[in-house]
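Structure, as structure tokens:
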Amino acid sequence: MEHKDMNRRQFLQKLGFGASSALAMMALEPLNALAGNKTKPGTVRYDATADNRMTYRVQHGSGRKISLLGFGMMRLPDNQEEVDRLVDYAIAHGVNYFDTAPMYMGGRSEVLTGNTLSRFPRESYHVATKMSNQNRRLWSFDDSKRMYEQSFERLKVDYIDYYLLHSIGGGMETLKGRFLDNGILDFLLKEREAGRIRHLGFSYHGDVRDFDWLLDRHDQYHWDFVQIQMNFLDWRHASLRQGRRRDADAEYLYDKLEKTGVQAVIMEPLRGGAFGRMASELADQLKAVRPDDSTARWAFRWVGSYPNVLTTLSGMNRMEHLVDNVATFSPLEVCTDAENKLLANIADQMSGFPTIPCTTCAYCMPCPYGVDIPGNFAYYNEAVNSHVLPLPDKASADYAARKQQFADGLKKALPDTARWANQCTDCEECLSKCPQQIRIPNQMARIVETLRRR
């Protein structure tokens, strides 16, 4: 961890600029930082007046200092100037890890990320992207290689800091088809050896046997990092809540990575925003201990307290979220034993809520029949957390009122009824896309049944 106050010249010199170069950079016009992708690469002025007290972790092997808060670029505003504004603030306050993928926003995420980061000196940021060849038609070596090369073009880089095999966990047949039998993993290993990939890893969802198979061959592949879903609920309740015999709790994943000597990059620390929508009686328990802290800050502090975590990804598409998250990690205040026990107790309580384990990643979209899958699930979970659901027995005095409240809330959340769960035809096209392996048609039927109950 590094907590140093620096003036602008010291900050630039720390990044490798000499005194004369630092003075030249300081002379740039203030509006230069707001010029968007019209600015020449590497010419954005650093705002070293910012109070940069970011917490850093050191990458094994390379010794790179990585901000414990990473910027997830999956749900960016589709507006370059707005993205630039967010990234300018993030970099000025010490964030230097930016995670994207070819499939995010239909490719727009990589383009927006490349445009905004190319305005900064290349050594001042670390960019992560992925081999997102989940679609079977992209399994050939040529198609996968083309995706890899396209990422360089979109990101405007000649090397990628962190490259991942995207979303491992679809079963060994899929793992072999996507990465092994087609030779693409061998190719990526050679790309790392050549320096065009600086760190190679994979992200995991689903069948834990894939995770074990790859990690058990660490001596062969020398993984630099692995990205896992980890939060205080999934720590011991992931497999139980999601009903997946072959899934594993985050505790197992983290412990195995630590024992193997591979650092963890964390996704879904807020479980798709679920912690921000937790039941009020649970949130009140946290408020009683730290009245000024959001549930998001609790969740980030919990994740960051684990020493083998390299960085924690947060999708920060709003400035107020970015500011709050930066403050949480500047510097990070680790959780006490008493706080860890409180969060474990809250997780036990949350595991008993009949919510749907959707993180609103939208990998399942678009639905061929127009159903807003994450929108329906988000509303259903909100109704559970606010105790509208589950509905009481029909003989209950408030049965009709709560059923009507659920229907009215759905109309408000999804005004276009063509996007409702009742439009689901059980085609199952979404099943192979869901990293949480949710039985989506079954859960849609649960919503429909709730609306139809008499």
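Letters A, B, ... mark the chains of the structure tokens in the order given; residue numbers begin at 1 per chain; ligand numbers begin at 1, in order shown.
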Apply DSSP to the backbone of this structure and, from stretch 304-412 of chain A, keep only the residues in strand (DSSP E or B); write these as a CSV table (one decimal) with N, CA and C atoms, in the first residue's frame.
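result36.csv was written with the following content:
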```csv
chain,number,residue,atom,x,y,z
A,309,VAL,N,-6.2,-10.3,-2.9
A,309,VAL,CA,-7.0,-9.6,-3.9
A,309,VAL,C,-6.1,-8.5,-4.5
A,310,LEU,N,-6.0,-8.6,-5.8
A,310,LEU,CA,-5.1,-7.6,-6.6
A,310,LEU,C,-5.9,-6.3,-6.8
A,311,THR,N,-7.1,-6.5,-7.3
A,311,THR,CA,-8.0,-5.3,-7.6
A,311,THR,C,-9.4,-5.7,-7.5
A,312,THR,N,-10.3,-4.8,-7.2
A,312,THR,CA,-11.8,-5.0,-7.1
A,312,THR,C,-12.5,-4.2,-8.1
A,313,LEU,N,-13.2,-4.8,-9.0
A,313,LEU,CA,-13.9,-4.1,-10.1
A,313,LEU,C,-15.2,-3.6,-9.7
A,314,SER,N,-15.4,-2.3,-10.1
A,314,SER,CA,-16.7,-1.7,-9.9
A,314,SER,C,-17.1,-1.0,-11.2
A,329,PHE,N,-11.5,3.6,-1.0
A,329,PHE,CA,-10.2,2.9,-1.1
A,329,PHE,C,-9.1,3.9,-0.9
A,332,LEU,N,-7.9,2.3,2.0
A,332,LEU,CA,-8.9,1.3,2.5
A,332,LEU,C,-8.8,1.1,4.0
```
Quiz prompt | Surrounding residues of A:Cys361 excluding itself and chain neighbours under 2 positions, 12 Å, only C-alpha atoms, as a ChimeraX atom specification | solution = /A:72-75,103-105,267-268,271-273,315,357-359,363-366,373-375,377-378,433-436
Dump N, CA, C and O atoms for the selected residues as an mmCIF file, in the first residue's frame?
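In the end it all went to again07.cif:
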```
data_model
loop_
_atom_site.group_PDB
_atom_site.id
_atom_site.type_symbol
_atom_site.label_atom_id
_atom_site.label_comp_id
_atom_site.auth_asym_id
_atom_site.auth_seq_id
_atom_site.Cartn_x
_atom_site.Cartn_y
_atom_site.Cartn_z
ATOM 1 N N GLY A 72 -14.585 -1.071 -13.826
ATOM 2 C CA GLY A 72 -15.254 -1.985 -14.744
ATOM 3 C C GLY A 72 -15.986 -1.202 -15.822
ATOM 4 O O GLY A 72 -16.853 -0.386 -15.512
ATOM 5 N N MET A 73 -15.677 -1.480 -17.082
ATOM 6 C CA MET A 73 -16.182 -0.671 -18.193
ATOM 7 C C MET A 73 -17.332 -1.359 -18.939
ATOM 8 O O MET A 73 -17.581 -1.055 -20.100
ATOM 9 N N MET A 74 -18.048 -2.252 -18.267
ATOM 10 C CA MET A 74 -19.085 -3.017 -18.952
ATOM 11 C C MET A 74 -20.328 -2.189 -19.253
ATOM 12 O O MET A 74 -20.983 -2.380 -20.271
ATOM 13 N N ARG A 75 -20.688 -1.256 -18.369
ATOM 14 C CA ARG A 75 -21.931 -0.499 -18.539
ATOM 15 C C ARG A 75 -21.640 0.996 -18.617
ATOM 16 O O ARG A 75 -22.231 1.792 -17.886
ATOM 17 N N MET A 103 -17.308 -8.108 -25.962
ATOM 18 C CA MET A 103 -18.760 -8.277 -25.973
ATOM 19 C C MET A 103 -19.491 -7.188 -25.208
ATOM 20 O O MET A 103 -20.708 -7.069 -25.333
ATOM 21 N N TYR A 104 -18.791 -6.371 -24.424
ATOM 22 C CA TYR A 104 -19.463 -5.344 -23.650
ATOM 23 C C TYR A 104 -19.982 -4.245 -24.566
ATOM 24 O O TYR A 104 -19.243 -3.701 -25.385
ATOM 25 N N MET A 105 -21.246 -3.932 -24.414
ATOM 26 C CA MET A 105 -21.903 -2.888 -25.205
ATOM 27 C C MET A 105 -21.741 -3.149 -26.698
ATOM 28 O O MET A 105 -21.632 -2.223 -27.497
ATOM 29 N N MET A 267 -14.767 -9.617 -9.282
ATOM 30 C CA MET A 267 -15.935 -9.047 -9.950
ATOM 31 C C MET A 267 -17.154 -9.250 -9.061
ATOM 32 O O MET A 267 -17.157 -10.090 -8.160
ATOM 33 N N GLU A 268 -18.170 -8.471 -9.305
ATOM 34 C CA GLU A 268 -19.437 -8.509 -8.568
ATOM 35 C C GLU A 268 -19.240 -8.371 -7.053
ATOM 36 O O GLU A 268 -19.850 -9.120 -6.275
ATOM 37 N N ARG A 271 -22.534 -7.764 -5.811
ATOM 38 C CA ARG A 271 -23.482 -8.761 -6.329
ATOM 39 C C ARG A 271 -24.523 -8.122 -7.243
ATOM 40 O O ARG A 271 -25.734 -8.239 -7.052
ATOM 41 N N GLY A 272 -23.994 -7.418 -8.257
ATOM 42 C CA GLY A 272 -24.875 -6.796 -9.225
ATOM 43 C C GLY A 272 -25.746 -5.701 -8.649
ATOM 44 O O GLY A 272 -26.823 -5.434 -9.163
ATOM 45 N N GLY A 273 -25.272 -5.072 -7.581
ATOM 46 C CA GLY A 273 -26.049 -4.017 -6.940
ATOM 47 C C GLY A 273 -27.053 -4.516 -5.917
ATOM 48 O O GLY A 273 -27.803 -3.719 -5.332
ATOM 49 N N GLY A 315 -18.373 -1.256 -11.610
ATOM 50 C CA GLY A 315 -18.903 -0.584 -12.791
ATOM 51 C C GLY A 315 -19.427 0.790 -12.420
ATOM 52 O O GLY A 315 -20.558 0.927 -11.959
ATOM 53 N N PRO A 357 -30.744 -15.190 -8.185
ATOM 54 C CA PRO A 357 -29.330 -14.789 -8.123
ATOM 55 C C PRO A 357 -28.832 -14.113 -9.391
ATOM 56 O O PRO A 357 -27.781 -14.467 -9.939
ATOM 57 N N CYS A 358 -29.542 -13.122 -9.868
ATOM 58 C CA CYS A 358 -29.172 -12.385 -11.074
ATOM 59 C C CYS A 358 -28.334 -11.170 -10.692
ATOM 60 O O CYS A 358 -28.693 -10.426 -9.778
ATOM 61 N N THR A 359 -27.226 -10.966 -11.391
ATOM 62 C CA THR A 359 -26.367 -9.807 -11.138
ATOM 63 C C THR A 359 -26.581 -8.701 -12.169
ATOM 64 O O THR A 359 -25.812 -7.747 -12.211
ATOM 65 N N TYR A 363 -25.725 -10.567 -19.926
ATOM 66 C CA TYR A 363 -25.142 -11.484 -20.914
ATOM 67 C C TYR A 363 -26.233 -12.247 -21.656
ATOM 68 O O TYR A 363 -26.034 -12.685 -22.790
ATOM 69 N N CYS A 364 -27.399 -12.430 -20.998
ATOM 70 C CA CYS A 364 -28.506 -13.180 -21.586
ATOM 71 C C CYS A 364 -29.225 -12.407 -22.677
ATOM 72 O O CYS A 364 -30.044 -12.987 -23.413
ATOM 73 N N MET A 365 -28.974 -11.139 -22.779
ATOM 74 C CA MET A 365 -29.694 -10.298 -23.726
ATOM 75 C C MET A 365 -28.941 -10.183 -25.057
ATOM 76 O O MET A 365 -27.724 -10.347 -25.115
ATOM 77 N N PRO A 366 -29.660 -9.888 -26.154
ATOM 78 C CA PRO A 366 -31.102 -9.635 -26.214
ATOM 79 C C PRO A 366 -31.901 -10.932 -26.276
ATOM 80 O O PRO A 366 -31.453 -11.926 -26.832
ATOM 81 N N ILE A 373 -35.015 -9.615 -19.461
ATOM 82 C CA ILE A 373 -34.726 -10.626 -18.443
ATOM 83 C C ILE A 373 -34.169 -9.996 -17.163
ATOM 84 O O ILE A 373 -34.724 -10.188 -16.076
ATOM 85 N N PRO A 374 -33.070 -9.217 -17.244
ATOM 86 C CA PRO A 374 -32.555 -8.628 -16.002
ATOM 87 C C PRO A 374 -33.522 -7.644 -15.359
ATOM 88 O O PRO A 374 -33.557 -7.516 -14.132
ATOM 89 N N GLY A 375 -34.341 -6.952 -16.167
ATOM 90 C CA GLY A 375 -35.307 -6.012 -15.616
ATOM 91 C C GLY A 375 -36.381 -6.715 -14.799
ATOM 92 O O GLY A 375 -36.763 -6.254 -13.719
ATOM 93 N N PHE A 377 -36.080 -9.685 -13.343
ATOM 94 C CA PHE A 377 -35.461 -10.267 -12.152
ATOM 95 C C PHE A 377 -35.138 -9.195 -11.116
ATOM 96 O O PHE A 377 -35.294 -9.415 -9.907
ATOM 97 N N ALA A 378 -34.668 -8.031 -11.576
ATOM 98 C CA ALA A 378 -34.344 -6.949 -10.636
ATOM 99 C C ALA A 378 -35.593 -6.508 -9.889
ATOM 100 O O ALA A 378 -35.549 -6.268 -8.674
ATOM 101 N N LYS A 433 -25.995 -18.614 -22.064
ATOM 102 C CA LYS A 433 -25.331 -17.318 -21.939
ATOM 103 C C LYS A 433 -25.175 -16.859 -20.499
ATOM 104 O O LYS A 433 -24.360 -15.987 -20.215
ATOM 105 N N CYS A 434 -25.962 -17.424 -19.595
ATOM 106 C CA CYS A 434 -26.004 -16.915 -18.220
ATOM 107 C C CYS A 434 -24.819 -17.421 -17.414
ATOM 108 O O CYS A 434 -24.709 -18.627 -17.146
ATOM 109 N N PRO A 435 -23.911 -16.522 -16.972
ATOM 110 C CA PRO A 435 -22.757 -16.968 -16.185
ATOM 111 C C PRO A 435 -23.140 -17.481 -14.806
ATOM 112 O O PRO A 435 -22.380 -18.211 -14.184
ATOM 113 N N GLN A 436 -24.344 -17.115 -14.319
ATOM 114 C CA GLN A 436 -24.811 -17.607 -13.032
ATOM 115 C C GLN A 436 -25.561 -18.937 -13.166
ATOM 116 O O GLN A 436 -25.985 -19.510 -12.164
#
```
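For the set A:Asn79, A:Asn340, A:Ser109, A:Asn133, the residue with the smallest atom-to-atom gap to A:Arg146 is A:Asn133, counting only C-alpha atoms.
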Quiz item: Which residue out of A:Asn135, A:Asn52, A:Asn442, A:Asn115 has the minimum interatomic distance to A:Glu153 when only C-alpha atoms are used?
Solution: A:Asn115
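Comparing A:Val448, A:Val334, A:Ala264, A:Ala362 by their smallest distance to A:His60, the closest is A:Ala264 (using only C-alpha atoms).
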Exercise. Could you check which of A:Met54, A:Ile440, A:Ala338, A:Ala413 is closest to A:His93, using only C-alpha atoms?
Key: A:Met54
Practice problem: Could you jot down the atom CA of A:Arg452 to atom CA of A:Ala383 separation for me, Å, one decimal place? | Solution: 16.1 Å
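Non-sequential neighbours of A:Glu428 (distance at most 10 Å, separation of 3 or more positions within a chain, only C-alpha atoms) are Cys367, Cys424, Thr425, Leu431, Ser432, Lys433, Arg439, Ile440, Pro441 and Asn442 of chain A.
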Write out, as a PDB file, in the first residue's frame, the residues just selected, with N, CA, C and O atoms.
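The new file part.pdb reads:
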```
ATOM      1  N   CYS A 367     -33.085 -10.884 -25.717  1.00  0.00           N
ATOM      2  CA  CYS A 367     -34.012 -12.002 -25.815  1.00  0.00           C
ATOM      3  C   CYS A 367     -34.692 -11.944 -27.186  1.00  0.00           C
ATOM      4  O   CYS A 367     -35.148 -10.868 -27.604  1.00  0.00           O
ATOM      5  N   CYS A 424     -42.118 -14.733 -22.296  1.00  0.00           N
ATOM      6  CA  CYS A 424     -41.123 -15.807 -22.411  1.00  0.00           C
ATOM      7  C   CYS A 424     -41.770 -17.044 -23.024  1.00  0.00           C
ATOM      8  O   CYS A 424     -42.834 -17.492 -22.584  1.00  0.00           O
ATOM      9  N   THR A 425     -41.138 -17.617 -24.053  1.00  0.00           N
ATOM     10  CA  THR A 425     -41.668 -18.802 -24.736  1.00  0.00           C
ATOM     11  C   THR A 425     -40.931 -20.077 -24.348  1.00  0.00           C
ATOM     12  O   THR A 425     -41.158 -21.127 -24.951  1.00  0.00           O
ATOM     13  N   LEU A 431     -30.105 -19.725 -21.786  1.00  0.00           N
ATOM     14  CA  LEU A 431     -29.513 -20.571 -20.753  1.00  0.00           C
ATOM     15  C   LEU A 431     -27.999 -20.669 -20.865  1.00  0.00           C
ATOM     16  O   LEU A 431     -27.280 -20.553 -19.875  1.00  0.00           O
ATOM     17  N   SER A 432     -27.493 -20.878 -22.056  1.00  0.00           N
ATOM     18  CA  SER A 432     -26.045 -21.046 -22.223  1.00  0.00           C
ATOM     19  C   SER A 432     -25.284 -19.740 -22.035  1.00  0.00           C
ATOM     20  O   SER A 432     -24.062 -19.760 -21.856  1.00  0.00           O
ATOM     21  N   LYS A 433     -25.995 -18.614 -22.064  1.00  0.00           N
ATOM     22  CA  LYS A 433     -25.331 -17.318 -21.939  1.00  0.00           C
ATOM     23  C   LYS A 433     -25.175 -16.859 -20.499  1.00  0.00           C
ATOM     24  O   LYS A 433     -24.360 -15.987 -20.215  1.00  0.00           O
ATOM     25  N   ARG A 439     -31.739 -20.944 -14.185  1.00  0.00           N
ATOM     26  CA  ARG A 439     -32.755 -21.534 -15.060  1.00  0.00           C
ATOM     27  C   ARG A 439     -33.774 -20.437 -15.381  1.00  0.00           C
ATOM     28  O   ARG A 439     -34.839 -20.319 -14.769  1.00  0.00           O
ATOM     29  N   ILE A 440     -33.432 -19.604 -16.353  1.00  0.00           N
ATOM     30  CA  ILE A 440     -34.172 -18.375 -16.615  1.00  0.00           C
ATOM     31  C   ILE A 440     -35.644 -18.640 -16.940  1.00  0.00           C
ATOM     32  O   ILE A 440     -36.532 -17.987 -16.362  1.00  0.00           O
ATOM     33  N   PRO A 441     -35.990 -19.564 -17.835  1.00  0.00           N
ATOM     34  CA  PRO A 441     -37.432 -19.783 -18.103  1.00  0.00           C
ATOM     35  C   PRO A 441     -38.205 -20.191 -16.851  1.00  0.00           C
ATOM     36  O   PRO A 441     -39.347 -19.773 -16.662  1.00  0.00           O
ATOM     37  N   ASN A 442     -37.586 -20.992 -15.976  1.00  0.00           N
ATOM     38  CA  ASN A 442     -38.256 -21.394 -14.740  1.00  0.00           C
ATOM     39  C   ASN A 442     -38.534 -20.196 -13.845  1.00  0.00           C
ATOM     40  O   ASN A 442     -39.608 -20.081 -13.232  1.00  0.00           O
TER      41      ASN A 442
END
```
Quiz item: as JSON, numbers by chain, which residues of stretch 200-360 of chain A does DSSP assign to alpha helix (DSSP H)?
Solution: {"A": [208, 209, 210, 211, 212, 213, 214, 215, 218, 219, 220, 221, 234, 235, 236, 237, 238, 239, 240, 241, 242, 250, 251, 252, 253, 254, 255, 256, 257, 258, 259, 260, 280, 281, 282, 283, 284, 285, 286, 287, 288, 289, 295, 296, 297, 298, 299, 300, 301, 302, 303, 304, 319, 320, 321, 322, 323, 324, 325, 326, 327, 328, 337, 338, 339, 340, 341, 342, 343, 344, 345, 346, 347, 348, 349, 350]}
Exercise. Do a neighbour search on A:Ala288 at 12 Å with only C-alpha atoms, toss out local chain neighbours closer than 6 positions, and write the hits as an MDAnalysis selection string.
Key: chainID A and resid 281:282 294:295 339 342
At a cut-off of 8 Å, can you tabulate as a tab-separated table every residue of stretch 285-373 of chain A near stretch 81-92 of chain A together with its closest atom pair and the distance in Å to one decimal, using only C-alpha atoms and ordering rows by chain then number?
```
residue	atom	partner	partner_atom	distance
A:Asn317	CA	A:Leu86	CA	7.6
A:Arg318	CA	A:Leu86	CA	7.8
A:Met319	CA	A:Leu86	CA	6.4
A:Leu322	CA	A:Ala90	CA	7.4
A:Val326	CA	A:Ala90	CA	7.6
```
Quiz prompt | Spatial neighbours of A:Asp249, max dist 7 Å, only C-alpha atoms, sep filter under 5 positions, as a VMD selection string | solution = chain A and resid 234 to 239
Kindly save the residues from that selection, with all heavy atoms included, as a PDB file, in the first residue's frame.
```pdb
ATOM      1  N   ASP A 234     -21.698 -14.452  -1.362  1.00  0.00           N
ATOM      2  CA  ASP A 234     -21.227 -15.620  -2.102  1.00  0.00           C
ATOM      3  C   ASP A 234     -20.058 -16.319  -1.420  1.00  0.00           C
ATOM      4  O   ASP A 234     -19.653 -17.395  -1.848  1.00  0.00           O
ATOM      5  CB  ASP A 234     -20.810 -15.217  -3.522  1.00  0.00           C
ATOM      6  CG  ASP A 234     -21.999 -14.925  -4.412  1.00  0.00           C
ATOM      7  OD1 ASP A 234     -23.040 -15.562  -4.215  1.00  0.00           O
ATOM      8  OD2 ASP A 234     -21.889 -14.058  -5.299  1.00  0.00           O
ATOM      9  N   TRP A 235     -19.503 -15.712  -0.376  1.00  0.00           N
ATOM     10  CA  TRP A 235     -18.376 -16.326   0.326  1.00  0.00           C
ATOM     11  C   TRP A 235     -18.719 -17.747   0.782  1.00  0.00           C
ATOM     12  O   TRP A 235     -17.928 -18.676   0.588  1.00  0.00           O
ATOM     13  CB  TRP A 235     -17.988 -15.453   1.515  1.00  0.00           C
ATOM     14  CG  TRP A 235     -16.771 -15.908   2.269  1.00  0.00           C
ATOM     15  CD1 TRP A 235     -16.719 -16.371   3.543  1.00  0.00           C
ATOM     16  CD2 TRP A 235     -15.414 -15.892   1.790  1.00  0.00           C
ATOM     17  NE1 TRP A 235     -15.425 -16.657   3.893  1.00  0.00           N
ATOM     18  CE2 TRP A 235     -14.595 -16.374   2.839  1.00  0.00           C
ATOM     19  CE3 TRP A 235     -14.815 -15.534   0.581  1.00  0.00           C
ATOM     20  CZ2 TRP A 235     -13.210 -16.504   2.714  1.00  0.00           C
ATOM     21  CZ3 TRP A 235     -13.433 -15.653   0.458  1.00  0.00           C
ATOM     22  CH2 TRP A 235     -12.651 -16.134   1.503  1.00  0.00           C
ATOM     23  N   ARG A 236     -19.911 -17.923   1.334  1.00  0.00           N
ATOM     24  CA  ARG A 236     -20.308 -19.258   1.788  1.00  0.00           C
ATOM     25  C   ARG A 236     -21.708 -19.665   1.325  1.00  0.00           C
ATOM     26  O   ARG A 236     -22.221 -20.695   1.758  1.00  0.00           O
ATOM     27  CB  ARG A 236     -20.233 -19.347   3.319  1.00  0.00           C
ATOM     28  CG  ARG A 236     -18.804 -19.342   3.826  1.00  0.00           C
ATOM     29  CD  ARG A 236     -18.703 -19.408   5.320  1.00  0.00           C
ATOM     30  NE  ARG A 236     -17.312 -19.435   5.737  1.00  0.00           N
ATOM     31  CZ  ARG A 236     -16.885 -19.202   6.982  1.00  0.00           C
ATOM     32  NH1 ARG A 236     -17.767 -18.908   7.929  1.00  0.00           N
ATOM     33  NH2 ARG A 236     -15.600 -19.248   7.274  1.00  0.00           N
ATOM     34  N   HIS A 237     -22.320 -18.845   0.453  1.00  0.00           N
ATOM     35  CA  HIS A 237     -23.702 -19.147   0.070  1.00  0.00           C
ATOM     36  C   HIS A 237     -23.912 -19.213  -1.442  1.00  0.00           C
ATOM     37  O   HIS A 237     -25.053 -19.297  -1.881  1.00  0.00           O
ATOM     38  CB  HIS A 237     -24.649 -18.092   0.658  1.00  0.00           C
ATOM     39  CG  HIS A 237     -24.707 -18.105   2.155  1.00  0.00           C
ATOM     40  ND1 HIS A 237     -25.306 -19.124   2.856  1.00  0.00           N
ATOM     41  CD2 HIS A 237     -24.223 -17.238   3.071  1.00  0.00           C
ATOM     42  CE1 HIS A 237     -25.214 -18.875   4.153  1.00  0.00           C
ATOM     43  NE2 HIS A 237     -24.555 -17.740   4.313  1.00  0.00           N
ATOM     44  N   ALA A 238     -22.860 -19.187  -2.253  1.00  0.00           N
ATOM     45  CA  ALA A 238     -23.048 -19.169  -3.707  1.00  0.00           C
ATOM     46  C   ALA A 238     -23.686 -20.455  -4.203  1.00  0.00           C
ATOM     47  O   ALA A 238     -24.692 -20.437  -4.905  1.00  0.00           O
ATOM     48  CB  ALA A 238     -21.716 -18.943  -4.415  1.00  0.00           C
ATOM     49  N   SER A 239     -23.118 -21.588  -3.842  1.00  0.00           N
ATOM     50  CA  SER A 239     -23.652 -22.850  -4.344  1.00  0.00           C
ATOM     51  C   SER A 239     -25.009 -23.171  -3.749  1.00  0.00           C
ATOM     52  O   SER A 239     -25.881 -23.717  -4.410  1.00  0.00           O
ATOM     53  CB  SER A 239     -22.671 -23.993  -4.052  1.00  0.00           C
ATOM     54  OG  SER A 239     -22.378 -24.063  -2.664  1.00  0.00           O
TER      55      SER A 239
END
```
Exercise. Work out how far apart atom CA of A:Tyr159 and atom CA of A:Phe71 are and give it in Å to one decimal.
Key: 18.9 Å
